[in-house]
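One file, input-v3.cif, carrying mmCIF, C-alpha atoms:
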data_final
#
loop_
_atom_site.group_PDB
_atom_site.id
_atom_site.type_symbol
_atom_site.label_atom_id
_atom_site.label_comp_id
_atom_site.auth_asym_id
_atom_site.auth_seq_id
_atom_site.Cartn_x
_atom_site.Cartn_y
_atom_site.Cartn_z
ATOM 1 C CA MET A 30 226.127 45.696 -99.842
ATOM 2 C CA SER A 31 226.018 43.111 -97.032
ATOM 3 C CA ALA A 32 224.513 39.629 -97.505
ATOM 4 C CA LEU A 33 221.673 40.424 -95.080
ATOM 5 C CA LYS A 34 220.834 43.598 -96.985
ATOM 6 C CA GLU A 35 220.903 41.765 -100.339
ATOM 7 C CA LEU A 36 218.555 39.099 -98.938
ATOM 8 C CA THR A 37 216.195 41.789 -97.605
ATOM 9 C CA GLU A 38 216.151 43.578 -100.937
ATOM 10 C CA VAL A 39 215.324 40.338 -102.785
ATOM 11 C CA ARG A 40 212.450 39.283 -100.512
ATOM 12 C CA ARG A 41 210.904 42.780 -100.107
ATOM 13 C CA PRO A 42 207.720 43.024 -102.210
ATOM 14 C CA ARG A 43 207.469 45.947 -104.572
ATOM 15 C CA GLY A 44 205.985 48.980 -102.778
ATOM 16 C CA ALA A 45 206.572 47.597 -99.279
ATOM 17 C CA PRO A 46 208.371 49.889 -96.822
ATOM 18 C CA ARG A 47 212.136 49.457 -96.591
ATOM 19 C CA VAL A 48 213.312 47.645 -93.447
ATOM 20 C CA ARG A 49 216.290 49.320 -91.837
ATOM 21 C CA GLU A 50 219.220 47.045 -91.086
ATOM 22 C CA ARG A 51 220.167 47.188 -87.402
ATOM 23 C CA ASN A 52 223.479 46.105 -86.039
ATOM 24 C CA PRO A 53 223.291 45.020 -82.364
ATOM 25 C CA ASP A 54 226.913 46.057 -81.911
ATOM 26 C CA ASN A 55 225.989 49.719 -82.465
ATOM 27 C CA LYS A 56 224.405 50.021 -79.016
ATOM 28 C CA ALA A 57 227.560 48.748 -77.349
ATOM 29 C CA ALA A 58 229.657 51.146 -79.422
ATOM 30 C CA TYR A 59 227.490 54.125 -78.477
ATOM 31 C CA LEU A 60 227.574 53.037 -74.826
ATOM 32 C CA PHE A 61 231.366 52.965 -74.735
ATOM 33 C CA LEU A 62 231.590 56.239 -76.665
ATOM 34 C CA ALA A 63 229.139 58.001 -74.348
ATOM 35 C CA PRO A 64 231.696 59.044 -71.641
ATOM 36 C CA TRP A 65 234.005 60.482 -74.285
ATOM 37 C CA LEU A 66 231.156 62.313 -76.024
ATOM 38 C CA VAL A 67 229.912 63.745 -72.709
ATOM 39 C CA GLY A 68 233.424 64.893 -71.879
ATOM 40 C CA LEU A 69 233.881 66.419 -75.332
ATOM 41 C CA PHE A 70 230.686 68.483 -75.269
ATOM 42 C CA VAL A 71 230.402 69.268 -71.525
ATOM 43 C CA ILE A 72 234.035 69.642 -70.443
ATOM 44 C CA THR A 73 235.743 70.774 -73.661
ATOM 45 C CA LEU A 74 233.481 72.347 -76.288
ATOM 46 C CA GLY A 75 231.046 73.899 -73.796
ATOM 47 C CA PRO A 76 233.680 75.874 -71.836
ATOM 48 C CA MET A 77 235.422 76.817 -75.096
ATOM 49 C CA LEU A 78 232.251 78.363 -76.505
ATOM 50 C CA ALA A 79 231.562 80.076 -73.153
ATOM 51 C CA SER A 80 235.076 81.568 -73.097
ATOM 52 C CA LEU A 81 234.635 82.758 -76.687
ATOM 53 C CA VAL A 82 231.499 84.655 -75.682
ATOM 54 C CA LEU A 83 233.150 86.010 -72.496
ATOM 55 C CA SER A 84 236.116 87.291 -74.516
ATOM 56 C CA PHE A 85 233.784 89.973 -75.912
ATOM 57 C CA THR A 86 232.548 91.009 -72.451
ATOM 58 C CA ASP A 87 233.675 92.758 -69.269
ATOM 59 C CA TYR A 88 233.203 90.068 -66.623
ATOM 60 C CA ASN A 89 234.542 90.010 -63.047
ATOM 61 C CA LEU A 90 232.748 86.885 -61.702
ATOM 62 C CA LEU A 91 230.663 89.030 -59.323
ATOM 63 C CA GLN A 92 228.487 90.919 -61.785
ATOM 64 C CA PRO A 93 226.774 89.799 -65.001
ATOM 65 C CA PRO A 94 228.963 90.006 -68.136
ATOM 66 C CA GLU A 95 228.722 93.294 -70.038
ATOM 67 C CA TRP A 96 229.162 93.177 -73.825
ATOM 68 C CA ILE A 97 232.105 95.385 -74.940
ATOM 69 C CA GLY A 98 232.860 93.972 -78.395
ATOM 70 C CA LEU A 99 236.545 93.833 -79.383
ATOM 71 C CA GLU A 100 237.782 96.002 -76.509
ATOM 72 C CA ASN A 101 239.598 93.128 -74.749
ATOM 73 C CA PHE A 102 241.530 92.289 -77.920
ATOM 74 C CA GLU A 103 242.421 95.968 -78.407
ATOM 75 C CA ARG A 104 243.708 96.129 -74.801
ATOM 76 C CA MET A 105 246.073 93.225 -75.490
ATOM 77 C CA ALA A 106 247.929 95.282 -78.120
ATOM 78 C CA GLY A 107 248.924 97.834 -75.447
ATOM 79 C CA ASP A 108 249.635 95.430 -72.572
ATOM 80 C CA PRO A 109 253.431 95.276 -71.978
ATOM 81 C CA ARG A 110 253.197 92.297 -69.591
ATOM 82 C CA LEU A 111 251.318 90.310 -72.211
ATOM 83 C CA TRP A 112 254.089 90.905 -74.747
ATOM 84 C CA ALA A 113 256.689 90.024 -72.094
ATOM 85 C CA SER A 114 254.872 86.762 -71.377
ATOM 86 C CA LEU A 115 254.757 85.976 -75.096
ATOM 87 C CA ARG A 116 258.505 86.584 -75.405
ATOM 88 C CA VAL A 117 259.249 84.294 -72.436
ATOM 89 C CA THR A 118 256.959 81.595 -73.813
ATOM 90 C CA PHE A 119 258.450 81.740 -77.307
ATOM 91 C CA VAL A 120 261.995 81.443 -75.917
ATOM 92 C CA TYR A 121 260.892 78.530 -73.749
ATOM 93 C CA VAL A 122 259.271 76.700 -76.694
ATOM 94 C CA VAL A 123 261.993 77.410 -79.272
ATOM 95 C CA VAL A 124 264.827 76.310 -76.953
ATOM 96 C CA SER A 125 263.330 73.534 -74.837
ATOM 97 C CA VAL A 126 261.476 71.534 -77.504
ATOM 98 C CA PRO A 127 264.407 70.914 -79.936
ATOM 99 C CA VAL A 128 266.812 70.162 -77.056
ATOM 100 C CA GLN A 129 264.340 67.776 -75.442
ATOM 101 C CA LEU A 130 263.736 65.915 -78.725
ATOM 102 C CA ALA A 131 267.480 65.669 -79.389
ATOM 103 C CA VAL A 132 268.080 64.181 -75.925
ATOM 104 C CA ALA A 133 265.120 61.817 -76.333
ATOM 105 C CA LEU A 134 266.397 60.599 -79.716
ATOM 106 C CA ALA A 135 269.952 60.139 -78.413
ATOM 107 C CA VAL A 136 268.759 58.055 -75.450
ATOM 108 C CA ALA A 137 266.419 56.039 -77.700
ATOM 109 C CA LEU A 138 269.340 55.232 -80.017
ATOM 110 C CA LEU A 139 271.351 54.000 -77.029
ATOM 111 C CA LEU A 140 268.480 51.818 -75.780
ATOM 112 C CA ASP A 141 267.912 50.464 -79.300
ATOM 113 C CA ARG A 142 271.360 48.874 -79.296
ATOM 114 C CA GLY A 143 270.000 45.902 -77.368
ATOM 115 C CA MET A 144 271.433 46.379 -73.878
ATOM 116 C CA ARG A 145 270.546 44.054 -71.005
ATOM 117 C CA GLY A 146 267.807 45.210 -68.640
ATOM 118 C CA LEU A 147 266.157 47.349 -71.307
ATOM 119 C CA PRO A 148 262.650 47.274 -69.682
ATOM 120 C CA PHE A 149 264.140 48.574 -66.414
ATOM 121 C CA TYR A 150 266.035 51.455 -68.024
ATOM 122 C CA ARG A 151 263.051 52.284 -70.217
ATOM 123 C CA SER A 152 260.764 52.512 -67.166
ATOM 124 C CA VAL A 153 263.239 54.587 -65.122
ATOM 125 C CA LEU A 154 263.819 57.054 -67.962
ATOM 126 C CA TYR A 155 260.073 57.382 -68.577
ATOM 127 C CA LEU A 156 259.283 58.321 -64.969
ATOM 128 C CA PRO A 157 260.241 62.029 -65.325
ATOM 129 C CA SER A 158 257.536 62.400 -67.998
ATOM 130 C CA LEU A 159 254.962 61.286 -65.443
ATOM 131 C CA LEU A 160 256.319 63.450 -62.633
ATOM 132 C CA GLY A 161 257.740 66.478 -64.454
ATOM 133 C CA ALA A 162 254.500 68.488 -64.522
ATOM 134 C CA SER A 163 253.640 67.713 -60.912
ATOM 135 C CA VAL A 164 253.741 70.217 -58.059
ATOM 136 C CA ALA A 165 256.118 67.993 -56.068
ATOM 137 C CA ILE A 166 258.787 68.029 -58.785
ATOM 138 C CA ALA A 167 258.404 71.809 -59.230
ATOM 139 C CA VAL A 168 258.945 72.282 -55.490
ATOM 140 C CA LEU A 169 261.959 69.952 -55.625
ATOM 141 C CA TRP A 170 263.337 71.936 -58.584
ATOM 142 C CA ARG A 171 262.956 75.153 -56.636
ATOM 143 C CA GLN A 172 264.915 73.709 -53.723
ATOM 144 C CA MET A 173 267.643 72.281 -55.967
ATOM 145 C CA PHE A 174 268.336 75.567 -57.745
ATOM 146 C CA GLY A 175 268.029 77.807 -54.693
ATOM 147 C CA ALA A 176 270.987 79.643 -53.138
ATOM 148 C CA ASP A 177 271.662 76.737 -50.744
ATOM 149 C CA GLY A 178 270.330 74.037 -53.076
ATOM 150 C CA LEU A 179 271.904 70.808 -54.221
ATOM 151 C CA VAL A 180 273.222 72.325 -57.477
ATOM 152 C CA ASN A 181 275.238 75.004 -55.668
ATOM 153 C CA GLN A 182 276.473 72.480 -53.098
ATOM 154 C CA VAL A 183 277.839 70.241 -55.864
ATOM 155 C CA LEU A 184 279.381 73.189 -57.715
ATOM 156 C CA GLY A 185 280.909 74.390 -54.423
ATOM 157 C CA MET A 186 282.546 70.972 -53.916
ATOM 158 C CA LEU A 187 284.068 71.354 -57.391
ATOM 159 C CA GLY A 188 285.662 74.661 -56.410
ATOM 160 C CA PHE A 189 283.166 77.195 -57.763
ATOM 161 C CA THR A 190 282.533 80.258 -55.596
ATOM 162 C CA ASP A 191 280.091 83.211 -55.524
ATOM 163 C CA LEU A 192 277.303 81.019 -56.870
ATOM 164 C CA PRO A 193 273.933 82.725 -57.384
ATOM 165 C CA SER A 194 270.425 81.558 -56.585
ATOM 166 C CA TRP A 195 269.538 80.293 -60.031
ATOM 167 C CA ILE A 196 265.805 80.787 -59.651
ATOM 168 C CA SER A 197 266.186 84.302 -58.183
ATOM 169 C CA ASN A 198 268.395 85.581 -61.001
ATOM 170 C CA PRO A 199 266.485 86.965 -64.049
ATOM 171 C CA ASP A 200 269.304 85.770 -66.317
ATOM 172 C CA THR A 201 269.107 82.116 -65.225
ATOM 173 C CA ALA A 202 265.575 81.561 -63.895
ATOM 174 C CA LEU A 203 264.095 80.636 -67.280
ATOM 175 C CA SER A 204 267.028 78.291 -67.986
ATOM 176 C CA THR A 205 266.117 76.204 -64.935
ATOM 177 C CA LEU A 206 262.581 75.733 -66.289
ATOM 178 C CA ILE A 207 263.960 74.820 -69.725
ATOM 179 C CA LEU A 208 266.190 72.235 -68.029
ATOM 180 C CA LEU A 209 263.166 70.837 -66.197
ATOM 181 C CA HIS A 210 261.294 70.510 -69.500
ATOM 182 C CA VAL A 211 264.259 68.764 -71.157
ATOM 183 C CA TRP A 212 264.472 66.373 -68.184
ATOM 184 C CA THR A 213 260.980 65.093 -69.008
ATOM 185 C CA PHE A 214 262.158 63.478 -72.244
ATOM 186 C CA GLY A 215 260.744 60.052 -71.428
ATOM 187 C CA SER A 216 257.520 60.291 -73.400
ATOM 188 C CA PRO A 217 259.077 61.246 -76.789
ATOM 189 C CA MET A 218 261.898 58.779 -76.067
ATOM 190 C CA ILE A 219 259.439 55.876 -75.849
ATOM 191 C CA ILE A 220 257.855 56.926 -79.158
ATOM 192 C CA PHE A 221 261.290 57.277 -80.801
ATOM 193 C CA LEU A 222 262.268 53.825 -79.528
ATOM 194 C CA ALA A 223 259.119 52.285 -81.004
ATOM 195 C CA GLY A 224 259.860 54.002 -84.332
ATOM 196 C CA LEU A 225 263.455 52.756 -84.377
ATOM 197 C CA ARG A 226 262.239 49.190 -83.872
ATOM 198 C CA GLN A 227 260.141 49.509 -87.063
ATOM 199 C CA ILE A 228 263.137 50.270 -89.327
ATOM 200 C CA PRO A 229 264.199 47.058 -91.146
ATOM 201 C CA ARG A 230 267.678 45.930 -90.129
ATOM 202 C CA GLN A 231 268.397 44.880 -93.713
ATOM 203 C CA TYR A 232 268.816 48.536 -94.658
ATOM 204 C CA TYR A 233 271.670 48.959 -92.156
ATOM 205 C CA GLU A 234 273.295 45.671 -93.202
ATOM 206 C CA ALA A 235 273.184 46.621 -96.897
ATOM 207 C CA ALA A 236 274.584 50.092 -96.162
ATOM 208 C CA ALA A 237 277.381 48.587 -94.037
ATOM 209 C CA LEU A 238 278.322 46.246 -96.883
ATOM 210 C CA ASP A 239 278.589 49.315 -99.143
ATOM 211 C CA GLY A 240 281.011 50.900 -96.668
ATOM 212 C CA ALA A 241 278.643 53.428 -95.056
ATOM 213 C CA GLY A 242 279.740 54.533 -91.579
ATOM 214 C CA ARG A 243 277.534 55.084 -88.544
ATOM 215 C CA VAL A 244 277.024 58.769 -89.272
ATOM 216 C CA THR A 245 276.084 58.092 -92.893
ATOM 217 C CA ARG A 246 273.658 55.348 -91.884
ATOM 218 C CA PHE A 247 272.093 57.652 -89.288
ATOM 219 C CA VAL A 248 271.685 60.546 -91.743
ATOM 220 C CA ARG A 249 270.671 58.527 -94.820
ATOM 221 C CA ILE A 250 268.557 55.772 -93.212
ATOM 222 C CA THR A 251 267.529 56.520 -89.631
ATOM 223 C CA LEU A 252 266.502 60.163 -89.941
ATOM 224 C CA PRO A 253 264.439 59.835 -93.170
ATOM 225 C CA LEU A 254 262.595 56.705 -91.981
ATOM 226 C CA LEU A 255 262.089 58.220 -88.527
ATOM 227 C CA SER A 256 260.924 61.613 -89.843
ATOM 228 C CA PRO A 257 257.159 60.882 -89.330
ATOM 229 C CA ILE A 258 257.889 60.049 -85.679
ATOM 230 C CA ILE A 259 260.015 63.190 -85.294
ATOM 231 C CA PHE A 260 257.206 65.259 -86.792
ATOM 232 C CA PHE A 261 254.638 63.667 -84.471
ATOM 233 C CA ASN A 262 256.760 64.336 -81.382
ATOM 234 C CA LEU A 263 257.543 67.872 -82.548
ATOM 235 C CA VAL A 264 253.889 68.850 -82.893
ATOM 236 C CA LEU A 265 252.922 67.299 -79.547
ATOM 237 C CA GLN A 266 255.803 68.849 -77.628
ATOM 238 C CA ILE A 267 255.242 72.330 -79.097
ATOM 239 C CA ILE A 268 251.589 72.245 -78.063
ATOM 240 C CA GLY A 269 252.523 70.975 -74.596
ATOM 241 C CA ALA A 270 255.269 73.594 -74.144
ATOM 242 C CA PHE A 271 252.908 76.439 -75.002
ATOM 243 C CA GLN A 272 250.543 75.178 -72.290
ATOM 244 C CA SER A 273 253.203 74.861 -69.555
ATOM 245 C CA PHE A 274 252.039 76.395 -66.297
ATOM 246 C CA THR A 275 252.722 74.412 -63.124
ATOM 247 C CA GLN A 276 256.519 74.667 -63.214
ATOM 248 C CA ALA A 277 256.555 78.444 -63.619
ATOM 249 C CA PHE A 278 253.791 78.922 -61.040
ATOM 250 C CA ILE A 279 255.593 76.926 -58.330
ATOM 251 C CA VAL A 280 259.163 78.056 -59.035
ATOM 252 C CA SER A 281 258.231 81.752 -59.160
ATOM 253 C CA GLY A 282 255.655 81.558 -56.395
ATOM 254 C CA GLY A 283 252.903 82.495 -58.841
ATOM 255 C CA THR A 284 254.473 85.865 -59.703
ATOM 256 C CA GLY A 285 256.362 85.011 -62.902
ATOM 257 C CA GLY A 286 259.446 86.595 -61.367
ATOM 258 C CA PRO A 287 262.109 87.582 -60.960
ATOM 259 C CA ALA A 288 261.460 90.602 -63.219
ATOM 260 C CA ASP A 289 258.874 88.613 -65.228
ATOM 261 C CA SER A 290 261.652 86.296 -66.473
ATOM 262 C CA THR A 291 259.416 83.221 -65.931
ATOM 263 C CA LEU A 292 256.107 84.862 -66.758
ATOM 264 C CA PHE A 293 254.658 82.233 -69.090
ATOM 265 C CA PHE A 294 251.619 83.239 -71.122
ATOM 266 C CA THR A 295 249.412 80.766 -69.245
ATOM 267 C CA LEU A 296 250.662 82.110 -65.907
ATOM 268 C CA TYR A 297 249.801 85.688 -66.886
ATOM 269 C CA LEU A 298 246.411 84.475 -68.104
ATOM 270 C CA TYR A 299 245.845 82.890 -64.690
ATOM 271 C CA GLN A 300 246.845 86.102 -62.921
ATOM 272 C CA ARG A 301 244.407 88.176 -64.959
ATOM 273 C CA GLY A 302 241.559 85.687 -64.641
ATOM 274 C CA PHE A 303 241.825 84.420 -61.057
ATOM 275 C CA GLY A 304 244.051 87.084 -59.474
ATOM 276 C CA GLN A 305 242.399 90.225 -60.830
ATOM 277 C CA PHE A 306 239.009 88.629 -61.716
ATOM 278 C CA ASP A 307 239.292 90.027 -65.242
ATOM 279 C CA MET A 308 237.658 86.998 -66.840
ATOM 280 C CA GLY A 309 236.721 88.712 -70.098
ATOM 281 C CA TYR A 310 240.321 89.725 -70.742
ATOM 282 C CA ALA A 311 241.606 86.288 -69.667
ATOM 283 C CA SER A 312 239.176 84.624 -72.104
ATOM 284 C CA ALA A 313 240.472 86.821 -74.908
ATOM 285 C CA MET A 314 244.032 85.804 -73.967
ATOM 286 C CA ALA A 315 243.014 82.136 -74.049
ATOM 287 C CA TRP A 316 241.747 82.495 -77.605
ATOM 288 C CA LEU A 317 244.935 84.306 -78.604
ATOM 289 C CA LEU A 318 246.847 81.270 -77.314
ATOM 290 C CA VAL A 319 244.592 78.967 -79.345
ATOM 291 C CA VAL A 320 245.345 80.996 -82.483
ATOM 292 C CA ILE A 321 249.105 80.946 -81.793
ATOM 293 C CA ILE A 322 249.179 77.162 -81.244
ATOM 294 C CA ALA A 323 247.069 76.610 -84.376
ATOM 295 C CA ALA A 324 249.441 78.832 -86.383
ATOM 296 C CA PHE A 325 252.521 76.925 -85.165
ATOM 297 C CA THR A 326 250.841 73.603 -85.937
ATOM 298 C CA ALA A 327 249.809 74.781 -89.412
ATOM 299 C CA VAL A 328 253.377 75.953 -90.161
ATOM 300 C CA ASN A 329 254.702 72.558 -89.074
ATOM 301 C CA PHE A 330 252.308 70.760 -91.414
ATOM 302 C CA LEU A 331 253.151 73.187 -94.222
ATOM 303 C CA PHE A 332 256.904 72.546 -94.021
ATOM 304 C CA ALA A 333 256.501 68.818 -93.303
ATOM 305 C CA ARG A 334 256.182 68.064 -97.014
ATOM 306 C CA TRP A 335 259.883 68.925 -97.474
ATOM 307 C CA TRP A 336 261.396 66.845 -94.672
ATOM 308 C CA VAL A 337 258.896 64.160 -93.621
ATOM 309 C CA PHE A 338 258.997 60.960 -95.676
ATOM 310 C CA TYR A 339 256.303 58.294 -95.484
ATOM 311 C CA ASP A 340 257.048 54.721 -96.508
ATOM 312 C CA ASP A 341 254.360 53.970 -99.102
#
Written as structure tokens, how would this file's structure read?
Amino acid sequence: MSALKELTEVRRPRGAPRVRERNPDNKAAYLFLAPWLVGLFVITLGPMLASLVLSFTDYNLLQPPEWIGLENFERMAGDPRLWASLRVTFVYVVVSVPVQLAVALAVALLLDRGMRGLPFYRSVLYLPSLLGASVAIAVLWRQMFGADGLVNQVLGMLGFTDLPSWISNPDTALSTLILLHVWTFGSPMIIFLAGLRQIPRQYYEAAALDGAGRVTRFVRITLPLLSPIIFFNLVLQIIGAFQSFTQAFIVSGGTGGPADSTLFFTLYLYQRGFGQFDMGYASAMAWLLVVIIAAFTAVNFLFARWWVFYDD
């Protein structure tokens, strides 16, 4: 109980109404929270509830929604393009996220060795995270991996011949998007670097005195103490990878081609919603994506107890 409240309780006559304690800082707190609260209810929760209702309707934007129950969800079970988009998205997430985190951790370990000009290198390596999801970078990526792009020109100078157009080949198109995702390793790298700086150097010095090599120190000290940071980055990157859209839209020209090899789930959702005006079905797909992301996140938290260690 605060001192003001104790004083009020002592001086309040028996039977008199209780005087509520008011903190003048509350108004300022509510004022600063107001934009976030408006955004939460108007921009996030409102559209989510609207899409949940529309997922049970037949809605084409031109006529009022017609209630059809679970029909949209039943249609998804027999939609081959939806299953193809799920397969492409799962491959993209399962391959790109671990590779990106491994590259981010390797670069963070190099920067943590105390090189000169660290702020410069840190800023340069972080830039791809800011630009990777932009339309300009997606267009640049499309030009680089085209038949006459920079990648084929460099490989041609090295003696390679009969080079394909990487983005027009169903066997390599998805790999170019995975490479683009790995290239944007700056954000997890910065978080890894901050985590490495929190590990006490005495642990490494004591292990070195006991004869532990670099690999042993990395496996026995760095990885366990960095496991909460790895878990944090893993969850964030999985959620972000499932929501990838711009890269596939620009590189494939909005088609998901060639042969649906870059048909991400979000891209197919966009095609059904804004290409075919099948908003009810697109809303049902959006909620399927929410369930999938929630399931992946729950599995990560379930298995975290066996490999994530918190320093109590």
Which residues match the PyMOL selection byres ((chain A and resi 267-281) around 7) in the file above, as a list in words?
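For this structure, the PyMOL selection byres ((chain A and resi 267-281) around 7) captures Thr118, Val122, Val126, Ala162, Val164, Ala167, Val168, Arg171, Leu206, Leu263, Val264, Leu265, Gln266, Gly282, Gly283, Thr284, Gly285, Gly286, Thr291, Phe293, Thr295, Leu296 and Ile322 of chain A.
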How would the residues just chosen look if you wrote them out with C-alpha atoms as a PDB file, in the coordinates of the input?
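For reference, again-v9.pdb as written:
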ATOM      1  CA  THR A 118     256.959  81.595 -73.813  1.00  0.00           C
ATOM      2  CA  VAL A 122     259.271  76.700 -76.694  1.00  0.00           C
ATOM      3  CA  VAL A 126     261.476  71.534 -77.504  1.00  0.00           C
ATOM      4  CA  ALA A 162     254.500  68.488 -64.522  1.00  0.00           C
ATOM      5  CA  VAL A 164     253.741  70.217 -58.059  1.00  0.00           C
ATOM      6  CA  ALA A 167     258.404  71.809 -59.230  1.00  0.00           C
ATOM      7  CA  VAL A 168     258.945  72.282 -55.490  1.00  0.00           C
ATOM      8  CA  ARG A 171     262.956  75.153 -56.636  1.00  0.00           C
ATOM      9  CA  LEU A 206     262.581  75.733 -66.289  1.00  0.00           C
ATOM     10  CA  LEU A 263     257.543  67.872 -82.548  1.00  0.00           C
ATOM     11  CA  VAL A 264     253.889  68.850 -82.893  1.00  0.00           C
ATOM     12  CA  LEU A 265     252.922  67.299 -79.547  1.00  0.00           C
ATOM     13  CA  GLN A 266     255.803  68.849 -77.628  1.00  0.00           C
ATOM     14  CA  GLY A 282     255.655  81.558 -56.395  1.00  0.00           C
ATOM     15  CA  GLY A 283     252.903  82.495 -58.841  1.00  0.00           C
ATOM     16  CA  THR A 284     254.473  85.865 -59.703  1.00  0.00           C
ATOM     17  CA  GLY A 285     256.362  85.011 -62.902  1.00  0.00           C
ATOM     18  CA  GLY A 286     259.446  86.595 -61.367  1.00  0.00           C
ATOM     19  CA  THR A 291     259.416  83.221 -65.931  1.00  0.00           C
ATOM     20  CA  PHE A 293     254.658  82.233 -69.090  1.00  0.00           C
ATOM     21  CA  THR A 295     249.412  80.766 -69.245  1.00  0.00           C
ATOM     22  CA  LEU A 296     250.662  82.110 -65.907  1.00  0.00           C
ATOM     23  CA  ILE A 322     249.179  77.162 -81.244  1.00  0.00           C
TER      24      ILE A 322
END
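Between atom CA of Phe70 of chain A and atom CA of Val319 of chain A lies a distance of 17.9 Å.
Shell of segment 211-213 of chain A at 9 Å, with only C-alpha atoms counted and residues fewer than 6 places along the chain excluded, is Ser125, Val126, Val128, Gln129, Leu130, Val132, Ala133, Leu154, Tyr155, Leu156, Pro157, Ser158, Leu159, Leu160, Gly161 and Ala162 of chain A.
Residues in contact with Phe247 of chain A at up to 12 Å, not including ones fewer than 5 positions away on its chain and judged by all atoms listed in the file, are Leu134, Ala135, Leu138, Leu225, Ile228, Tyr232, Tyr233, Ala236, Ala237, Ala241, Gly242, Leu252, Pro253, Leu254, Leu255 and Ser256 of chain A.
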If you count all atoms listed in the file, which residues fall within 12 Å of Met105 of chain A, apart from same-chain ones fewer than 6 positions away, as a list in words?
Ser84, Leu99, Leu111, Trp112, Ala113, Ser114, Leu115, Leu298, Arg301, Gly309, Tyr310, Ala311, Ser312, Ala313, Met314, Ala315, Trp316 and Leu317 of chain A
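Across the structure, atom CA of Leu209 of chain A and atom CA of Trp170 of chain A are spaced 7.7 Å apart.
The space separating atom CA of Phe260 of chain A from atom CA of Phe332 of chain A comes to 10.3 Å.
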Output the residue selection produced by the PyMOL selection byres ((chain A and resi 227) around 12) on the file above, formatted as number ranges by chain.
A: 141, 220-226, 228-232, 251, 254-255, 257-258, 340
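Residue nearest Arg116 of chain A within the list A:Asn89, A:Leu69, A:Phe294, A:Asn181: A:Phe294 [criterion: smallest interatomic distance, all atoms listed in the file].
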Considering only C-alpha atoms, can you say which of A:Ile250, A:Pro109, A:Ala165, A:Phe325 comes closest to Ala235 of chain A?
A:Ile250
